[in-house]
Structures are given as C-alpha cells and as structure tokens.
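Enquirer: entry-v3.txt is the file, holding compact mmCIF, C-alpha atoms:
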```
# COMPACT_ATOMS: atom_id res chain seq x y z
CA MET A 1 -28.91 12.25 -8.54
CA ALA A 2 -30.76 10.54 -5.67
CA TYR A 3 -28.97 11.20 -2.37
CA ILE A 4 -28.47 8.49 0.26
CA ASN A 5 -28.17 9.68 3.84
CA PRO A 6 -25.04 8.89 5.88
CA SER A 7 -26.57 6.16 8.03
CA GLU A 8 -27.60 4.26 4.91
CA PHE A 9 -24.26 4.48 3.13
CA ALA A 10 -22.44 3.55 6.35
CA ALA A 11 -24.35 0.27 6.33
CA LYS A 12 -23.54 -0.15 2.62
CA MET A 13 -19.83 0.25 3.43
CA ILE A 14 -19.97 -2.64 5.89
CA ASP A 15 -21.97 -4.79 3.46
CA ALA A 16 -19.39 -4.09 0.75
CA GLY A 17 -16.53 -5.02 3.04
CA GLU A 18 -18.23 -8.29 4.00
CA SER A 19 -18.86 -9.12 0.34
CA LYS A 20 -15.21 -8.57 -0.58
CA VAL A 21 -13.96 -10.79 2.27
CA PHE A 22 -16.02 -13.72 0.97
CA MET A 23 -15.33 -13.14 -2.74
CA SER A 24 -13.73 -16.05 -4.59
CA THR A 25 -10.01 -16.02 -5.31
CA LYS A 26 -10.60 -15.88 -9.06
CA ASP A 27 -12.97 -12.94 -8.92
CA THR A 28 -10.81 -11.05 -6.41
CA LEU A 29 -7.69 -11.40 -8.57
CA ILE A 30 -9.41 -10.49 -11.84
CA ARG A 31 -11.11 -7.42 -10.39
CA ALA A 32 -7.90 -6.30 -8.71
CA TYR A 33 -5.89 -6.85 -11.91
CA MET A 34 -8.26 -4.72 -13.95
CA ALA A 35 -8.34 -2.00 -11.29
CA GLY A 36 -4.55 -1.78 -11.25
CA ALA A 37 -4.38 -1.69 -15.04
CA ILE A 38 -7.05 1.00 -15.46
CA LEU A 39 -5.55 3.22 -12.75
CA ALA A 40 -2.12 2.83 -14.35
CA LEU A 41 -3.53 3.89 -17.71
CA ALA A 42 -5.10 6.92 -16.02
CA ALA A 43 -1.72 7.83 -14.50
CA ALA A 44 -0.01 7.49 -17.88
CA PHE A 45 -2.75 9.62 -19.42
CA ALA A 46 -2.45 12.33 -16.74
CA VAL A 47 1.36 12.52 -17.03
CA THR A 48 1.10 12.67 -20.83
CA VAL A 49 -1.42 15.51 -20.63
CA ALA A 50 0.74 17.39 -18.11
CA VAL A 51 3.88 17.04 -20.25
CA ASN A 52 2.17 17.96 -23.53
CA THR A 53 0.34 20.98 -22.11
CA GLY A 54 2.91 22.07 -19.55
CA GLN A 55 0.05 22.31 -17.03
CA PHE A 56 0.01 19.69 -14.27
CA LEU A 57 -3.40 20.95 -13.13
CA ILE A 58 -4.96 19.80 -16.40
CA GLY A 59 -3.51 16.32 -15.92
CA ALA A 60 -4.81 16.25 -12.35
CA LEU A 61 -8.27 17.39 -13.46
CA LEU A 62 -8.47 14.48 -15.92
CA PHE A 63 -6.84 11.73 -13.84
CA PRO A 64 -10.05 10.82 -11.91
CA VAL A 65 -11.54 9.38 -15.12
CA GLY A 66 -9.60 6.19 -14.41
CA PHE A 67 -10.76 5.89 -10.81
CA CYS A 68 -14.38 6.53 -11.76
CA THR A 69 -14.22 3.96 -14.55
CA LEU A 70 -12.80 1.16 -12.42
CA TYR A 71 -15.22 1.87 -9.57
CA LEU A 72 -18.28 1.86 -11.83
CA LEU A 73 -17.11 -1.46 -13.34
CA GLY A 74 -16.89 -3.02 -9.88
CA PHE A 75 -13.11 -3.48 -9.74
CA ASP A 76 -11.12 -3.30 -6.52
CA LEU A 77 -8.14 -1.23 -5.38
CA LEU A 78 -6.05 -2.07 -2.33
CA THR A 79 -6.72 1.41 -0.97
CA GLY A 80 -10.46 0.77 -1.03
CA VAL A 81 -10.43 -2.66 0.63
CA PHE A 82 -8.11 -1.25 3.31
CA THR A 83 -11.08 0.87 4.37
CA LEU A 84 -14.06 -1.40 3.76
CA CYS A 85 -13.05 -4.93 4.80
CA PRO A 86 -12.07 -4.13 8.42
CA LEU A 87 -15.51 -2.61 8.99
CA ALA A 88 -17.12 -6.02 8.50
CA LEU A 89 -14.71 -7.40 11.09
CA LEU A 90 -15.39 -4.50 13.45
CA ASP A 91 -19.14 -5.08 13.07
CA LYS A 92 -18.64 -8.80 13.88
CA ARG A 93 -20.26 -10.04 10.71
CA PRO A 94 -20.62 -13.86 10.82
CA GLY A 95 -17.61 -15.65 9.34
CA VAL A 96 -15.51 -12.51 8.89
CA THR A 97 -12.08 -13.08 10.46
CA VAL A 98 -8.72 -11.35 10.57
CA ASN A 99 -7.34 -14.05 8.26
CA GLY A 100 -10.18 -13.43 5.83
CA VAL A 101 -9.43 -9.71 5.71
CA LEU A 102 -5.69 -10.33 5.29
CA ARG A 103 -6.41 -12.85 2.52
CA ASN A 104 -8.42 -10.24 0.63
CA TRP A 105 -5.71 -7.61 1.06
CA GLY A 106 -3.01 -10.00 -0.16
CA LEU A 107 -4.94 -11.05 -3.25
CA VAL A 108 -5.88 -7.48 -4.15
CA PHE A 109 -2.25 -6.37 -3.73
CA VAL A 110 -1.06 -9.09 -6.11
CA GLY A 111 -3.80 -8.34 -8.64
CA ASN A 112 -3.25 -4.58 -8.52
CA PHE A 113 0.50 -4.97 -8.97
CA ALA A 114 0.11 -7.39 -11.88
CA GLY A 115 -2.29 -5.05 -13.67
CA ALA A 116 -0.19 -1.94 -13.07
CA PHE A 117 3.01 -3.70 -14.10
CA THR A 118 1.43 -4.95 -17.31
CA VAL A 119 0.57 -1.38 -18.28
CA ALA A 120 4.05 -0.22 -17.19
CA VAL A 121 5.63 -2.64 -19.67
CA PHE A 122 3.21 -1.72 -22.46
CA MET A 123 3.72 2.02 -21.96
CA ALA A 124 7.51 1.62 -21.77
CA ILE A 125 7.36 -0.08 -25.17
CA ILE A 126 5.31 2.85 -26.53
CA PHE A 127 7.55 5.52 -24.97
CA THR A 128 10.69 3.92 -26.49
CA THR A 129 9.27 2.53 -29.76
CA GLY A 130 9.84 -1.02 -28.64
CA PHE A 131 13.01 -0.13 -26.67
CA SER A 132 14.72 0.83 -29.93
CA GLU A 133 15.38 4.44 -28.91
CA ALA A 134 15.62 6.71 -25.88
CA PRO A 135 12.40 7.44 -23.94
CA ASN A 136 10.28 10.30 -25.27
CA ALA A 137 9.43 13.35 -23.16
CA VAL A 138 6.72 11.53 -21.20
CA GLY A 139 9.00 8.56 -20.52
CA GLN A 140 11.74 10.89 -19.30
CA LYS A 141 9.29 12.61 -16.96
CA ILE A 142 8.21 9.29 -15.45
CA GLY A 143 11.86 8.42 -14.83
CA VAL A 144 12.38 11.71 -12.99
CA ILE A 145 9.28 11.07 -10.85
CA GLY A 146 10.68 7.70 -9.83
CA GLU A 147 14.02 9.21 -8.78
CA SER A 148 12.64 12.18 -6.84
CA ARG A 149 10.16 10.05 -4.90
CA THR A 150 12.62 7.34 -3.86
CA VAL A 151 16.21 8.56 -3.55
CA GLY A 152 14.78 12.06 -3.08
CA TYR A 153 13.15 10.91 0.15
CA ALA A 154 16.21 8.84 1.14
CA GLU A 155 18.44 11.90 0.99
CA HIS A 156 16.46 13.37 3.89
CA GLY A 157 16.61 10.26 6.07
CA PHE A 158 13.95 10.09 8.78
CA ALA A 159 12.43 13.41 7.67
CA GLY A 160 12.03 12.00 4.17
CA MET A 161 10.41 8.81 5.46
CA LEU A 162 8.05 10.85 7.64
CA THR A 163 7.06 13.00 4.68
CA LEU A 164 6.46 9.92 2.53
CA PHE A 165 4.32 8.29 5.23
CA VAL A 166 2.20 11.41 5.81
CA ARG A 167 1.66 11.81 2.06
CA ALA A 168 0.47 8.20 1.94
CA VAL A 169 -1.90 8.72 4.88
CA MET A 170 -3.34 11.85 3.27
CA CYS A 171 -3.66 10.06 -0.04
CA ASN A 172 -5.97 7.33 1.17
CA TRP A 173 -7.88 9.79 3.29
CA MET A 174 -8.89 11.35 -0.03
CA VAL A 175 -9.12 8.18 -2.14
CA SER A 176 -11.26 6.32 0.38
CA THR A 177 -13.41 9.42 0.71
CA GLY A 178 -13.96 9.04 -3.03
CA VAL A 179 -14.94 5.37 -2.58
CA VAL A 180 -17.43 6.27 0.15
CA ALA A 181 -18.70 9.37 -1.67
CA ALA A 182 -19.75 7.18 -4.59
CA MET A 183 -22.22 5.49 -2.24
CA LEU A 184 -23.98 8.81 -1.64
CA SER A 185 -25.82 8.57 -4.95
CA THR A 186 -27.68 5.93 -6.93
CA SER A 187 -27.05 7.58 -10.32
CA VAL A 188 -23.92 7.31 -12.46
CA SER A 189 -23.58 11.09 -12.74
CA GLY A 190 -23.94 11.53 -9.00
CA LYS A 191 -21.33 8.89 -8.26
CA VAL A 192 -18.86 10.37 -10.75
CA ILE A 193 -19.21 13.91 -9.39
CA ALA A 194 -18.80 12.70 -5.81
CA MET A 195 -15.70 10.63 -6.66
CA TRP A 196 -14.04 13.22 -8.88
CA MET A 197 -13.40 15.85 -6.21
CA PRO A 198 -11.30 13.96 -3.61
CA ILE A 199 -9.36 12.08 -6.32
CA LEU A 200 -8.44 15.38 -7.98
CA ILE A 201 -7.19 16.67 -4.61
CA PHE A 202 -4.94 13.68 -3.94
CA PHE A 203 -3.38 13.68 -7.40
CA TYR A 204 -2.73 17.40 -7.66
CA LEU A 205 -1.19 17.61 -4.20
CA GLY A 206 1.23 14.79 -5.04
CA PHE A 207 0.14 12.38 -2.33
CA GLU A 208 1.48 8.81 -2.45
CA HIS A 209 -0.88 6.15 -3.80
CA SER A 210 0.44 2.59 -3.62
CA ILE A 211 -1.25 1.41 -6.84
CA VAL A 212 -0.36 4.47 -8.93
CA ASN A 213 3.21 3.92 -7.73
CA MET A 214 3.04 0.29 -8.89
CA PHE A 215 2.92 1.82 -12.37
CA LEU A 216 5.14 4.89 -12.05
CA PHE A 217 8.15 3.28 -10.42
CA PRO A 218 8.45 0.04 -12.44
CA SER A 219 7.97 2.28 -15.49
CA GLY A 220 10.76 4.52 -14.27
CA LEU A 221 13.08 1.53 -13.86
CA LEU A 222 12.24 0.25 -17.35
CA LEU A 223 12.86 3.72 -18.77
CA GLY A 224 16.27 4.19 -17.20
CA GLY A 225 15.44 6.01 -13.97
CA ASP A 226 18.43 6.36 -11.64
CA PHE A 227 17.14 4.31 -8.71
CA THR A 228 16.95 0.62 -7.79
CA VAL A 229 14.24 -1.91 -7.00
CA MET A 230 15.24 -1.74 -3.32
CA ASP A 231 14.99 2.07 -3.42
CA TYR A 232 11.47 1.66 -4.76
CA LEU A 233 10.42 -0.89 -2.14
CA ILE A 234 12.04 0.65 0.94
CA TRP A 235 11.71 4.34 0.10
CA ASN A 236 8.28 4.24 -1.47
CA GLU A 237 6.07 1.17 -1.93
CA ILE A 238 6.21 -0.42 1.53
CA PRO A 239 5.82 2.82 3.55
CA THR A 240 3.13 3.96 1.10
CA VAL A 241 1.10 0.77 1.58
CA ILE A 242 1.28 1.20 5.36
CA GLY A 243 0.37 4.88 5.17
CA ASN A 244 -2.54 4.14 2.82
CA LEU A 245 -3.83 1.56 5.30
CA VAL A 246 -3.64 4.01 8.21
CA GLY A 247 -5.25 6.86 6.26
CA GLY A 248 -8.18 4.91 4.87
CA LEU A 249 -8.97 2.90 7.97
CA THR A 250 -8.71 5.70 10.54
CA PHE A 251 -9.77 8.91 8.81
CA VAL A 252 -12.53 7.38 6.70
CA GLY A 253 -13.67 3.90 7.72
CA ALA A 254 -13.44 4.19 11.50
CA THR A 255 -14.78 7.74 11.68
CA ILE A 256 -17.83 7.08 9.53
CA TYR A 257 -18.51 3.81 11.36
CA ALA A 258 -18.24 5.52 14.75
CA THR A 259 -20.49 8.49 14.03
CA HIS A 260 -22.95 7.34 11.34
CA TYR A 261 -23.34 3.62 12.10
CA LYS A 262 -22.70 3.46 15.86
CA THR A 263 -24.31 6.80 16.58
CA SER A 264 -24.24 7.85 20.24
CA PRO A 265 -27.46 8.93 22.04
CA LYS A 266 -28.26 12.62 21.72
CA ARG A 267 -27.56 14.89 24.65
CA THR A 268 -30.51 16.25 26.61
CA PRO A 269 -30.94 19.81 27.92
CA ALA A 270 -29.39 20.46 31.32
CA GLY A 271 -31.71 19.59 34.18
CA THR A 272 -33.95 17.43 31.97
CA SER A 273 -34.03 13.67 32.42
CA THR A 274 -33.82 11.39 29.40
CA LYS A 275 -37.30 10.06 30.15
CA SER A 276 -38.97 13.48 30.40
CA ALA A 277 -37.11 14.77 27.35
CA SER A 278 -38.54 11.96 25.24
CA VAL A 279 -42.20 12.62 26.21
CA PRO A 280 -43.87 15.22 23.98
CA ALA A 281 -45.54 18.19 25.70
CA GLU A 282 -49.33 18.01 26.00
```
Turn this file's structure into structure tokens for me.

Expert:
Amino acid sequence: MAYINPSEFAAKMIDAGESKVFMSTKDTLIRAYMAGAILALAAAFAVTVAVNTGQFLIGALLFPVGFCTLYLLGFDLLTGVFTLCPLALLDKRPGVTVNGVLRNWGLVFVGNFAGAFTVAVFMAIIFTTGFSEAPNAVGQKIGVIGESRTVGYAEHGFAGMLTLFVRAVMCNWMVSTGVVAAMLSTSVSGKVIAMWMPILIFFYLGFEHSIVNMFLFPSGLLLGGDFTVMDYLIWNEIPTVIGNLVGGLTFVGATIYATHYKTSPKRTPAGTSTKSASVPAE
C-alpha cells in the first residue's frame, strides 16, 4: 500500500482536472454514463440490504463498493469533477478556460443522469415484475425516500431548503475526500480502503448526493411515490447539485490546493531573520 505524500497527490489532482477538461465528448459521456449507472446499482443494493436485514448500517457499510468500482474503472461522477476541474483553472493550466470546465460539468451531468435513470427504469421493472403488480418492499421504501426528501423539505420552507443545502455540502465534502484519498496510494487495496471510509460516512448520515438522487427520485416516481417532477427538481436535485459544488470545491479542492500545492513559507523563530535561519550552524 505505497503512500503518496500530500504535495504529490495535490499535483495529481490538478493533472486529473486538466485531463478531464480536455477529454473528448464521447469519452466524457460514456464514462459519466457508466459512473451514474454503477452508483445507482450500488444505491439499489444498499437499500435492498437495509430493507432485507432491517439494519441501515449494513447497507451503508456495503454501499461504497459501487463508488470504489467506478473509480477504479476510471469513470466520472459530477461530484468529483466539481472538485478537480476548477483546480486546473485555478492553476492557470494552458488552454483551460471557464467554458471548458462548464462543458465538462454539463456533459458529466447528462451522462450521470442517463446512467442513473437507466438503472431506475430497470430496477422499477424488477421491483414490480414488469409493472404488473404493486412495488415490493424495496420499491415501497424507495418511494418513501423520495417523498420525505422532497415534500418533506418543502413542508419546512426555508429551514427545509437550508437543511437540504447543508446536507449536500457535507455530502461532497466526504465524497470528494474519497476521490482525493484514492490518490494517496498506488495499490488497489490502498485506494479501496481510503475511499471506503468517507463514502460510508456520507451514506449513513443521509447526506444528499446529486447522482444517487438521480436514481432514487426517478425510481420513486416510477414506483408511485407521492411527489412530482417539480418537487424533485426544486426541492432536491437543483439545490443538491449546488451544494455538492460548494462542498467539493471549497472544503476539499481549494483547501488542499492552498495548503499542499501553494504552501506558504515556514515561519521563523522570533528575532531570527529568514536569511540567518536558513544558514546551518557551524
């Protein structure tokens, strides 16, 4: 489990962001589609485990398998590119522009949604035996999640929106920490261990992840959840996307860039000049 020091992985973060900005449209969409689909399958798996065992903690413990899989396969989540791509812009990498970053975000959003929605349709078919009967226990649970995390927030007005936004910020603080933590190691086992911990935290604490929600809420609508498409967009997806952006960019990307890549000069003892402090004693 070879360890990479912070200054090295900070540089790798910027390199990764630059690479994603210049990635072709085809590759960006395919990688984003697969990431959305795999994460959606992981969410369906975790909810199924939680319902069947009656223990949400077990579902949360197993959910990171999806995130680890998609990361190791080189697929892209919107939450990750929210953190990485702006760093290439901040570092003034040649050719990296605001439009280039926004292009990447837009393509990844579309790809993630398409992948998650595909799995939402497939799982709805499974939960209802081809829509021939009422949703099973897992399908019913997903419907309840959709209601509580849309109209449930709306019932509280501004306080509900604030709670939703903070949960989204906290979510990508943890998820992007997982993305960065994977760069700490060069081995598969080291990457998986490093990713597993923050992803477990976000899922168990019920934070709001825009791509997981791209599966849960369309699934809820397909399975008869008592909320609308506008409820989903206004009282979940749009604020969640914004909160994820703020959380990943500020608490992970900007902080690591500021302290591990643009490290400030060390302080010198009081009464000692910088020049004398740098000369070794004879």

Enquirer: Can you work out the spacing between atom CA of Ala88 of chain A and atom CA of Pro64 of chain A in Å, to one decimal?

Expert: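 Answer for the atom CA of Ala88 of chain A to atom CA of Pro64 of chain A separation: 27.4 Å.
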
Enquirer: Determine the axis-aligned bounding box of all atoms of segment 35-53 of chain A present in the file, pad each side by 4 Å, and express its centre and edge lengths in Å to one decimal place as lines of an AutoDock Vina configuration file.

Expert:
```
center_x = -2.2
center_y = 9.5
center_z = -17.4
size_x = 20.2
size_y = 31.0
size_z = 20.3
```

Enquirer: Ranking A:Leu184, A:Met34, A:Val96, A:Val229 by minimum distance to Val108 of chain A and counting only C-alpha atoms, which one comes first?

Expert: A:Met34

Enquirer: Can you measure atom CA of Tyr232 of chain A to atom CA of Asn136 of chain A for me? One decimal in Å is fine.

Expert: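 Distance between the two atoms: 22.3 Å.
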
Enquirer: Which polymer residues, whether protein, DNA or RNA, lie within 10 Å of the coordinate (-12.9, 18.8, 0.5) when you count only C-alpha atoms? List them as a short mmCIF file (atom, residue, chain, number, x, y, z; two decimals) with C-alpha atoms, in the frame of the given file, using the chain letters and numbers from the file.

Expert:
```cif
data_model
loop_
_atom_site.label_atom_id
_atom_site.label_comp_id
_atom_site.auth_asym_id
_atom_site.auth_seq_id
_atom_site.Cartn_x
_atom_site.Cartn_y
_atom_site.Cartn_z
CA MET A 174 -8.89 11.35 -0.03
CA THR A 177 -13.41 9.42 0.71
CA MET A 197 -13.40 15.85 -6.21
CA PRO A 198 -11.30 13.96 -3.61
CA ILE A 201 -7.19 16.67 -4.61
#
```

Enquirer: Within 10 Å of (-17.4, 7.7, -11.0) (file coordinates; only C-alpha atoms), which protein or nucleic acid residues are there? I'd like them as JSON, numbers by chain.

Expert: {"A": [64, 65, 66, 67, 68, 69, 70, 71, 72, 73, 178, 179, 181, 182, 187, 188, 189, 190, 191, 192, 193, 194, 195, 196]}

Enquirer: Pick from A:Ser185, A:Ser19, A:Gln140, A:Asn172: nearest to Val246 of chain A, with all atoms listed in the file counted?

Expert: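 Comparing A:Ser185, A:Ser19, A:Gln140, A:Asn172 against Val246 of chain A, the winner is A:Asn172.
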
Enquirer: Taking into account all atoms listed in the file, which residue in the set A:Ala116, A:Val151, A:Ile126, A:Ala16 is nearest to Phe227 of chain A?

Expert: A:Val151

Enquirer: Which distance in Å separates atom CA of Ala42 of chain A and atom CA of Gln55 of chain A, to one decimal?

Expert: 16.3 Å

Enquirer: With all atoms listed in the file as the counted atoms, please give the residues lying no more than 7 Å from Gly146 of chain A, apart from itself and same-chain residues fewer than 3 positions off, as an MDAnalysis selection string.

Expert: chainID A and resid 142:143 149:150 216:217 220 225

Enquirer: Looking at all atoms listed in the file, which of A:Glu208, A:Glu155, A:Glu133, A:Asp76 is the one that sits closest to Gly115 of chain A?

Expert: A:Asp76

Enquirer: Residues within 12 Å of Thr97 of chain A, please, as a PDB file with C-alpha atoms, in the coordinates of the input. Count all atoms listed in the file; anything in the same chain fewer than 2 positions from it doesn't count.

Expert:
```pdb
ATOM      1  CA  GLY A  17     -16.530  -5.020   3.040  1.00  0.00           C
ATOM      2  CA  GLU A  18     -18.230  -8.290   4.000  1.00  0.00           C
ATOM      3  CA  VAL A  21     -13.960 -10.790   2.270  1.00  0.00           C
ATOM      4  CA  PHE A  22     -16.020 -13.720   0.970  1.00  0.00           C
ATOM      5  CA  CYS A  85     -13.050  -4.930   4.800  1.00  0.00           C
ATOM      6  CA  PRO A  86     -12.070  -4.130   8.420  1.00  0.00           C
ATOM      7  CA  LEU A  87     -15.510  -2.610   8.990  1.00  0.00           C
ATOM      8  CA  ALA A  88     -17.120  -6.020   8.500  1.00  0.00           C
ATOM      9  CA  LEU A  89     -14.710  -7.400  11.090  1.00  0.00           C
ATOM     10  CA  LEU A  90     -15.390  -4.500  13.450  1.00  0.00           C
ATOM     11  CA  ASP A  91     -19.140  -5.080  13.070  1.00  0.00           C
ATOM     12  CA  LYS A  92     -18.640  -8.800  13.880  1.00  0.00           C
ATOM     13  CA  ARG A  93     -20.260 -10.040  10.710  1.00  0.00           C
ATOM     14  CA  PRO A  94     -20.620 -13.860  10.820  1.00  0.00           C
ATOM     15  CA  GLY A  95     -17.610 -15.650   9.340  1.00  0.00           C
ATOM     16  CA  ASN A  99      -7.340 -14.050   8.260  1.00  0.00           C
ATOM     17  CA  GLY A 100     -10.180 -13.430   5.830  1.00  0.00           C
ATOM     18  CA  VAL A 101      -9.430  -9.710   5.710  1.00  0.00           C
ATOM     19  CA  LEU A 102      -5.690 -10.330   5.290  1.00  0.00           C
ATOM     20  CA  ARG A 103      -6.410 -12.850   2.520  1.00  0.00           C
ATOM     21  CA  ASN A 104      -8.420 -10.240   0.630  1.00  0.00           C
TER      22      ASN A 104
END
```

Enquirer: Can you list every residue of segment 15-119 of chain A that has an atom at most 12 Å from segment 164-171 of chain A, with its nearest atom pair and the distance in Å to one decimal, using only C-alpha atoms, ordered by chain then number, as a tab-separated table?

Expert:
```
residue	atom	partner	partner_atom	distance
A:Thr79	CA	A:Cys171	CA	9.2
A:Gly80	CA	A:Cys171	CA	11.6
A:Phe82	CA	A:Val169	CA	11.9
```

Enquirer: Smallest atom-to-atom distance to Glu8 of chain A: which of A:Tyr257, A:Ser264, A:Tyr33, A:Ala43, using all atoms listed in the file?

Expert: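 For Glu8 of chain A, the nearest of the given residues is A:Tyr257.
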
Enquirer: Which residues are near Phe131 of chain A? Cut-off 9 Å, only C-alpha atoms, ignore same chain within fewer than 6 positions. Put them as a list in words.

Expert: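 Here the answer would be Ala124, Ile125 and Leu223 of chain A.
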
Enquirer: Go through A:Gly206, A:Pro135, A:Gly160, A:Gly247 and flag the residue nearest Leu222 of chain A, using all atoms listed in the file for the distances.

Expert: A:Pro135
